[in-house]
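Structure record follows, encoded as structure tokens.
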Amino acid sequence: MSNENAIYGKKVFFLYPNYTLQTAIMEQLRTLEYEVYIINDYKDAKNILIKNHDSIFYLNPDGVFSPETWANYLKTIAEDSRFASISLGIITEKLDDNYKNILKSSVDLKAGLITQEDPDTTLHAIIKQLDANGAKGMRQYVRANCLSDKTAEIFWLTDSNIMHKMKIIDISSVGLAISLTQKQTTMVQVNQIIPNACLMLKAKEYRVDVKVTAIKSDGKNSIAVLMLRMDNSPQILTAIRAYVANTLFNNIMDSIMGLPRDNTDYVVRRSSKPVN
């Protein structure tokens, strides 16, 4: 694992996850602060993996192609030096033992072959593999940079009915950093509690209680660190995690924009011999 991954952990990509995995399990993984993403088109997958070395890649082989074709697809990844640092895995609900053996014999599944069962059992099986592959790193919380999002702001009214509005620099499920002009530095103080502040993310408004825990200055502008108070609702934290995940995934998709999509024909006809 690279030094960067040791600190920030690894991105985890799921190609064609089924409905249960996309909803209940994915949300729980994000609540546990794993950096997880859904890929909805295999034609984007290889470009994403090339741009994100040392990540973890799970395939659901239950649809789109036959298991033989998916075995062929995974084999092309395993044999390509560009993906040498990628940990491959499979999550399946439908495959029988014969097809599981075909897939296991085709590639080294460092992230495991997980048979999807009830959500709790599947969640624990995934977490076990993610932890074994260093998905968390030393980082505790997944954070998104908000500087390119002009709508990401926080504001509040003082007792004298004066509005303070600040730009958000970055955000996680536990707190945010905001940019202060020289004039605005007089508006906040360390240990100040700001109740019922309005957090704006993608034109949606969330009411939050925050505490100022630090103020740093470079001589011209200052940065204040606001921690979300423990009494904020779980629904707000879920919304923040969703915003963080969407922002980061949009950055990933922007990074592959303009690259040629994967138009390789991986199909193995049923009359062909299984891939060994």
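Residue numbering restarts at 1 for every chain of the structure tokens, chains are lettered A, B, ... in their displayed order, and ligands are numbered from 1 as they appear.
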Exercise for the section: Within 10 Å of A:Lys216, counting only C-alpha atoms, which residues show up once you throw out same-chain ones fewer than 5 positions away? Write them as a PyMOL selection string, please. Expected result: chain A and resi 179-180+185+221-225
Handout entry: Residues within 9 Å of stretch 162-174 of chain A, only C-alpha atoms, excluding chain neighbours under 5 positions, as number ranges by chain
Key = A: 31, 33, 141-147, 149-157, 179-181, 184, 187, 223, 226-230, 236-241, 244
For A:Leu15, please output as an mmCIF file with C-alpha atoms, in the first residue's frame all residues within 10 Å (counting only C-alpha atoms; exclusion window: fewer than 3 positions along the same chain).
```
data_model
loop_
_atom_site.group_PDB
_atom_site.id
_atom_site.type_symbol
_atom_site.label_atom_id
_atom_site.label_comp_id
_atom_site.auth_asym_id
_atom_site.auth_seq_id
_atom_site.Cartn_x
_atom_site.Cartn_y
_atom_site.Cartn_z
ATOM 1 C CA ASN A 18 -27.986 -5.201 -6.925
ATOM 2 C CA TYR A 37 -18.903 4.198 -5.057
ATOM 3 C CA ILE A 38 -21.244 2.603 -7.588
ATOM 4 C CA ILE A 39 -20.210 2.133 -11.225
ATOM 5 C CA ASN A 40 -23.235 1.628 -13.453
ATOM 6 C CA ASP A 41 -21.442 0.904 -16.743
ATOM 7 C CA TYR A 42 -18.548 -1.487 -17.276
ATOM 8 C CA ASP A 44 -16.272 3.306 -17.534
ATOM 9 C CA ALA A 45 -14.769 0.869 -15.046
ATOM 10 C CA PHE A 57 -13.112 -3.333 -7.219
ATOM 11 C CA TYR A 58 -16.165 -5.558 -6.690
ATOM 12 C CA LEU A 59 -18.116 -7.051 -9.576
ATOM 13 C CA ASN A 60 -21.655 -8.395 -9.448
ATOM 14 C CA PRO A 61 -21.642 -11.120 -12.155
ATOM 15 C CA ILE A 90 -16.935 -10.648 -6.483
ATOM 16 C CA ILE A 91 -20.298 -10.272 -4.744
#
```
Handout entry: Best match for closeness to A:Lys46 among A:Tyr19, A:Phe14, A:Phe83, A:Tyr8, counting only C-alpha atoms
Key =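 Closest to A:Lys46, using only C-alpha atoms: A:Phe83.
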Practice task
Find, counting only C-alpha atoms, the residue in A:Val12, A:Ala84, A:Leu248, A:Val190 that gets nearest to A:Gln129.
Solution key: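 Comparing A:Val12, A:Ala84, A:Leu248, A:Val190 against A:Gln129, the winner is A:Val12.
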Practice task
Using only C-alpha atoms, pick whichever of A:Ala24, A:Leu95, A:Val267, A:Ala245 has the shortest atom-to-atom distance to A:Val36.
Solution key: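 Closest residue, counting only C-alpha atoms: A:Ala245.
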Problem - Nearest-residue call for A:Met253, choices A:Ala135, A:Leu32, A:Leu49, A:Ile7, using only C-alpha atoms - result: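 For A:Met253, the nearest of the given residues is A:Leu49.
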Handout entry: One-decimal distance in Å that lies between atom CA of A:Gln22 and atom CA of A:Tyr243
Key =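 About the pair atom CA of A:Tyr243 and atom CA of A:Gln22: they are 15.8 Å apart.
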Practice task
Find the spatial neighbours of A:Thr23, counting only C-alpha atoms, within a cut-off of 12 Å - ignore same-chain residues fewer than 3 positions away - and output them as a VMD selection string.
Solution key: chain A and resid 17 to 20 26 to 30 37 to 38 119 123 242
Exercise for the section: Return the single residue from A:Leu88, A:Leu21, A:Ile102, A:Val212 that is closest to A:Gln189, with distances computed using only C-alpha atoms. Expected result: A:Val212
Practice task
Can you work out the spacing between atom CA of A:Tyr34 and atom CA of A:Ala111 in Å, to one decimal?
Solution key: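 Computed distance, atom CA of A:Tyr34 to atom CA of A:Ala111, equals 14.7 Å.
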Practice task
Please indicate the distance in Å from atom CA of A:Asp118 to atom CA of A:Gly134, rounded to one decimal place.
Solution key: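 A separation of 24.4 Å between them.
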Practice task
From a DSSP pass on the backbone, collect the residues of stretch 174-237 of chain A flagged as strand (DSSP E) and hand them back as a PyMOL selection string.
Solution key: chain A and resi 175-180+193-201+204-217+222-228
